[in-house]
Amino acid sequence: MITLTSDFGTPYPAAMKGVILKRTDARLVDVGHDFPRQDVRGAAFWLSTTLPEFPPAVHLVVVDPGVGTDRDALVVRAGDHVLVGPDNGVLLPPARALTSGGDGDDYDTDIDAYELEIDDPESSTFHGRDVFAPGAAAVHEAGIDRLPELDGLEPADDVVDLSLPDADVRDDGAAGEVLVVDGFGNVITNVPGEVLDGRETIRVDGDDYPVVPSYAHADEGEAVVTVGSHENVELAVNRSRGDEAFGLAAGDPVELSFRD
Amino acid sequence: MITLTSDFGTPYPAAMKGVILKRTDARLVDVGHDFPRQDVRGAAFWLSTTLPEFPPAVHLVVVDPGVGTDRDALVVRAGDHVLVGPDNGVLLPPARALTSGGDGDDYDTDIDAYELEIDDPESSTFHGRDVFAPGAAAVHEAGIDRLPELDGLEPADDVVDLSLPDADVRDDGAAGEVLVVDGFGNVITNVPGEVLDGRETIRVDGDDYPVVPSYAHADEGEAVVTVGSHENVELAVNRSRGDEAFGLAAGDPVELSFRD
Amino acid sequence: MITLTSDFGTPYPAAMKGVILKRTDARLVDVGHDFPRQDVRGAAFWLSTTLPEFPPAVHLVVVDPGVGTDRDALVVRAGDHVLVGPDNGVLLPPARALTSGGDGDDYDTDIDAYELEIDDPESSTFHGRDVFAPGAAAVHEAGIDRLPELDGLEPADDVVDLSLPDADVRDDGAAGEVLVVDGFGNVITNVPGEVLDGRETIRVDGDDYPVVPSYAHADEGEAVVTVGSHENVELAVNRSRGDEAFGLAAGDPVELSFRD
């Protein structure tokens with residue numbers, strides 16, 4: 001199985017699929033191709049919450065604002081999964097998410113990184129088609145156990161890493177940040193959802209809001225604070241857009257104050 | 001085969017696919033994930049026109065404004081098909097559409113409804129991932145004939161139903177309603193297309209428009225009335241948006257007056 | 001394998017998939033369904049650059065502003081590939097692209113066109129579902145070698161052709177045209193990329209811009225000229241939209257002037 005993630009819209013992902021299907025008959029599954037353009041951190045967050053739902057697979061990830069520069073191409077083994085994409089940090093948070101759990105004693109928590117040779121690609125602007133898709137197909141065909149001996153791969157040093165920012169949680173509140181806004185307009189922060197345990201209201205950037213178990217526990221149009229499916233604090237409006245009501249976008253700071 | 005329908009955008013559908021693919025290697029087919037947000041009736045209409053095109057399948061449907069409340073989860077057998085989704089009415093119109101036709105004497109027109117146990121889901125906001133996707137995978141793996149004995153299913157009573165509204169067709173006109181607006185801006189009403197038979201013009205909300213067999217029979221930019229692929233009266237503009245020209249949105253009343 | 005291309009958005013492509021899957025268990029791959037509405041030339045360009053990446057396949061293409069008129073339906077064999085769609089020119093540029101290269105002596109460069117019988121379709125507005133999808137499924141099931149004897153096909157004469165316009169390249173500049181704008185806002189012209197070879201700047205519509213190997217060689221927000229993955233001159237802004245910066249849309253003329 002090969003999953004595909006990009007910020008390409010239409011029809012560039014199809015070119016990647018064609019390239020792959022010329023080389024393997026693997027099952028292809030789209031994670032999505034309308035991720036926010038060139039938002040490496042946002043993609044890293046979404047992949048961290050989404051890829052662990054999948055069975056072992058090769059994950060092709062192309063959110064790549066540095067395409068055509070001298071940034072490297074990476075193949076990262078994360079437990080039973082493999083990620084293929086640019087060396088800009090986007091692969092590391094999902095690699096850690098893929099290896100932080102597991103159900104058995106022999107769950108593999110190792111992460112190995114390989115540099116994927118960039119061998120005179122046809123274009124300087126579409127390495128998704130010319131570098132990463134052929135790389136993902138080759139890795140799939142070889143199988144995860146043969147990565148160390150695969151032609152065009154060598155152990156990587158100096159991998160670019162990226163960490164999603166941690167919130168500063170205090171006794172009386174938390175200073176956090178908006179990680180992403182989803183398609184419903186729900187504002188997803190980096191503040192752990194457990195800060196809401198047992199609270200009925202919370203102050204966000206100076207105003208008080210009810211804490212609810214899900215959107216539908218609010219009146220239509222009411223702004224609320226809840227724990228999202230990613231287990232973080234989420235700012236939302238029932239049947240409308242939280243980003244507009246709270247005036248927040250990805251990257252904005254968020255100040256929570258606990259009142260009892 | 002499992003089809004997937006939601007109003008989730010990106011990347012929540014991928015999480016559902018991962019969950020399913022951990023449990024079954026069924027073929028997955030997207031019906032769509034950008035249905036109008038939380039529009040249960042609109043989704044019910046689209047599914048009623050689209051799902052009957054499919055061979056027997058399990059249809060996962062998650063348009064679910066009540067997620068996290070005490071609304072039930074349903075599994076509905078409709079002839080050779082099975083629908084899995086929230087108990088908010090969205091499954092019943094397509095279930096009836098799936099059982100209203102058929103090609104042979106032994107076509108199965110029965111509809112059975114089961115309640116799907118909601119067993120302490122991980123989240124209160126993403127039952128698509130935590131309840132319905134595992135449910136659809138389990139139903140697919142068991143097969144339609146074993147539904148009555150499947151763990152976690154019991155016969156449902158008091159199922160929430162939803163009926164698409166009927167138009168009031170008179171000798172001199174029809175009082176109808178806009179069901180949905182499609183991506184082209186075509187305004188799809190609930191008035192049966194046969195009211196246009198033999199007519200060259202029709203009055204809509206007080207103005208006269210030509211009746212045409214398809215959009216391209218009008219000049220570019222001309223507003224027209226036609227019969228859509230769903231066999232209902234449709235208000236359109238050749239190469240432009242009917243919703244803007246007619247000033248209509250989903251749920252608006254439409255008054256047709258027949259003139260000869 | 002059957003690929004699907006349309007300007008349908010959601011959920012009409014799913015109806016086509018259902019129709020196909022009732023007739024064949026072919027692998028289905030979406031090229032895309034949000035191509036610019038009714039832009040036959042734009043679709044022809046994108047397909048010309050994308051379909052040659054695929055292994056031999058049946059390509060269903062429905063960008064069809066003339067649906068319901070007396071335009072014919074076509075099946076076009078292009079080497080080892082088959083295209084199925086309306087007779088409005090959209091199939092011919094990709095057919096030529098599919099037969100203009102190849103890796104071996106016995107590469108098949110022939111193009112044959114057949115008319116696909118339109119046999120009383122259910123609707124006048126959705127031939128994608130009622131004519132082209134069943135046609136693509138029938139062609140896939142029969143196999144490319146049996147096209148000449150397939151029921152409902154007969155050799156076509158008088159096929160509508162469409163040529164992407166050629167740029168006028170002179171010693172001191174080039175007069176070209178915008179073919180499409182992609183989802184990033186990159187402006188893709190019909191001027192061959194090699195005119196940029198060895199140049200550091202170029203004048204576009206009267207203003208000078210740097211020539212760069214890829215977007216990231218420019219400062220954020222800087223307007224640049226580059227060679228895109230389709231090997232044409234592309235006007236772009238690093239991390240923003242080229243169409244807005246250059247004030248250009250599909251179909252607009254572009255005047256390049258070479259300065260050294």
# chains A, B, ... in the order shown; residues from 1 in each chain; ligands from 1
>>> select_by_dssp(residues="region 53-248 of chain C", states="alpha helix (DSSP H)", output="PyMOL selection string")
chain C and resi 92-99+127+133-142+242-246
>>> closest_atom_pairs(of="chain A", to="chain C", cutoff="6 Å", atoms="only C-alpha atoms", output="CSV")
residue,atom,partner,partner_atom,distance
A:Gly9,CA,C:Gly183,CA,5.9
A:Thr10,CA,C:Gly32,CA,5.8
A:Pro11,CA,C:Gly32,CA,5.8
A:Ala14,CA,C:Val31,CA,4.9
A:Ala15,CA,C:Thr50,CA,5.2
A:Gly18,CA,C:Phe54,CA,3.9
A:Val19,CA,C:Glu53,CA,5.4
A:Lys22,CA,C:Pro55,CA,5.1
A:Gly66,CA,C:Ala216,CA,5.3
A:Gly68,CA,C:Ser214,CA,5.3
A:Ser123,CA,C:Ser229,CA,5.2
A:Ser124,CA,C:Ser214,CA,5.8
A:Thr125,CA,C:Ser214,CA,5.6
A:Phe126,CA,C:Ser229,CA,5.7
>>> closest_residue(among="B:Phe246, B:Phe132, B:Phe8, B:Tyr209", to="Gly185 (chain A)", atoms="only C-alpha atoms")
B:Phe8
>>> select_by_dssp(residues="region 15-260 of chain C", states="strand (DSSP E)", output="PyMOL selection string")
chain C and resi 28-32+58-62+73-78+81-86+111-116+153-155+168-169+173-181+187-192+201-204+207-210+223-227+232-237+253-258
>>> write_last_selection(atoms="C-alpha atoms", output="JSON list (two decimals), in the first residue's frame")
[["chain", "number", "residue", "atom", "x", "y", "z"],
["C", 28, "LEU", "CA", -10.04, 3.12, -11.19],
["C", 29, "VAL", "CA", -7.70, 6.10, -10.87],
["C", 30, "ASP", "CA", -8.92, 9.71, -10.71],
["C", 31, "VAL", "CA", -6.94, 12.15, -12.81],
["C", 32, "GLY", "CA", -9.15, 14.86, -11.32],
["C", 58, "VAL", "CA", -8.57, 3.40, -20.77],
["C", 59, "HIS", "CA", -8.96, 7.12, -20.09],
["C", 60, "LEU", "CA", -12.51, 8.38, -19.54],
["C", 61, "VAL", "CA", -12.64, 12.14, -20.18],
["C", 62, "VAL", "CA", -15.81, 14.16, -19.66],
["C", 73, "ALA", "CA", -19.17, 10.36, -28.66],
["C", 74, "LEU", "CA", -15.67, 9.11, -29.44],
["C", 75, "VAL", "CA", -13.34, 6.24, -28.64],
["C", 76, "VAL", "CA", -9.77, 7.06, -29.65],
["C", 77, "ARG", "CA", -6.98, 4.49, -29.65],
["C", 78, "ALA", "CA", -3.62, 6.16, -29.10],
["C", 81, "HIS", "CA", -3.99, 3.65, -24.61],
["C", 82, "VAL", "CA", -7.67, 4.31, -25.31],
["C", 83, "LEU", "CA", -9.49, 7.58, -24.68],
["C", 84, "VAL", "CA", -13.28, 7.78, -24.36],
["C", 85, "GLY", "CA", -15.16, 11.08, -24.35],
["C", 86, "PRO", "CA", -17.06, 13.72, -26.30],
["C", 111, "ILE", "CA", -4.18, 6.92, -33.58],
["C", 112, "ASP", "CA", -7.55, 5.44, -34.60],
["C", 113, "ALA", "CA", -10.89, 7.08, -33.90],
["C", 114, "TYR", "CA", -14.23, 5.32, -33.51],
["C", 115, "GLU", "CA", -17.67, 6.76, -33.06],
["C", 116, "LEU", "CA", -19.43, 5.39, -29.97],
["C", 153, "LEU", "CA", -18.29, 1.28, -32.34],
["C", 154, "GLU", "CA", -17.70, 2.24, -35.94],
["C", 155, "PRO", "CA", -14.80, 4.04, -37.60],
["C", 168, "ASP", "CA", 5.59, 32.69, -32.07],
["C", 169, "VAL", "CA", 9.26, 32.55, -31.08],
["C", 173, "GLY", "CA", 11.31, 37.55, -28.02],
["C", 174, "ALA", "CA", 8.17, 35.44, -28.18],
["C", 175, "ALA", "CA", 4.47, 36.10, -28.51],
["C", 176, "GLY", "CA", 2.62, 33.43, -26.58],
["C", 177, "GLU", "CA", -0.53, 32.74, -24.66],
["C", 178, "VAL", "CA", -1.57, 31.53, -21.22],
["C", 179, "LEU", "CA", -2.74, 27.90, -21.51],
["C", 180, "VAL", "CA", -3.83, 27.33, -17.90],
["C", 181, "VAL", "CA", -3.32, 28.61, -14.37],
["C", 187, "VAL", "CA", 0.72, 30.87, -15.03],
["C", 188, "ILE", "CA", 1.57, 28.23, -17.62],
["C", 189, "THR", "CA", 2.23, 29.61, -21.11],
["C", 190, "ASN", "CA", 2.69, 27.90, -24.44],
["C", 191, "VAL", "CA", 6.22, 29.31, -24.86],
["C", 192, "PRO", "CA", 8.82, 26.52, -24.93],
["C", 201, "THR", "CA", 16.30, 38.06, -16.72],
["C", 202, "ILE", "CA", 13.45, 38.33, -19.17],
["C", 203, "ARG", "CA", 10.93, 41.03, -19.95],
["C", 204, "VAL", "CA", 7.27, 39.98, -19.67],
["C", 207, "ASP", "CA", 8.55, 44.51, -17.05],
["C", 208, "ASP", "CA", 11.78, 42.66, -16.22],
["C", 209, "TYR", "CA", 11.81, 39.52, -14.07],
["C", 210, "PRO", "CA", 14.56, 37.15, -12.93],
["C", 223, "ALA", "CA", 7.71, 37.32, -9.09],
["C", 224, "VAL", "CA", 9.86, 35.10, -11.30],
["C", 225, "VAL", "CA", 9.97, 33.30, -14.63],
["C", 226, "THR", "CA", 10.89, 29.61, -14.72],
["C", 227, "VAL", "CA", 10.48, 26.41, -16.71],
["C", 232, "ASN", "CA", 6.92, 25.49, -20.87],
["C", 233, "VAL", "CA", 7.66, 29.01, -19.62],
["C", 234, "GLU", "CA", 5.83, 29.56, -16.34],
["C", 235, "LEU", "CA", 5.22, 32.85, -14.49],
["C", 236, "ALA", "CA", 5.18, 32.41, -10.73],
["C", 237, "VAL", "CA", 5.57, 34.05, -7.36],
["C", 253, "PRO", "CA", -1.66, 36.83, -24.63],
["C", 254, "VAL", "CA", 1.86, 37.08, -23.19],
["C", 255, "GLU", "CA", 4.73, 39.00, -24.80],
["C", 256, "LEU", "CA", 8.26, 37.96, -23.84],
["C", 257, "SER", "CA", 11.26, 40.09, -24.77],
["C", 258, "PHE", "CA", 14.80, 38.70, -24.51]]
>>> atom_distance(atom1="CA of Gly79 (chain C)", atom2="CA of Ser100 (chain C)")
9.4 Å
>>> atom_distance(atom1="CA of Val211 (chain A)", atom2="CA of Ala97 (chain A)")
27.5 Å
>>> closest_residue(among="C:Ala57, C:Leu92, C:Val160, C:Ala250", to="Ala136 (chain C)", atoms="only C-alpha atoms")
C:Ala57
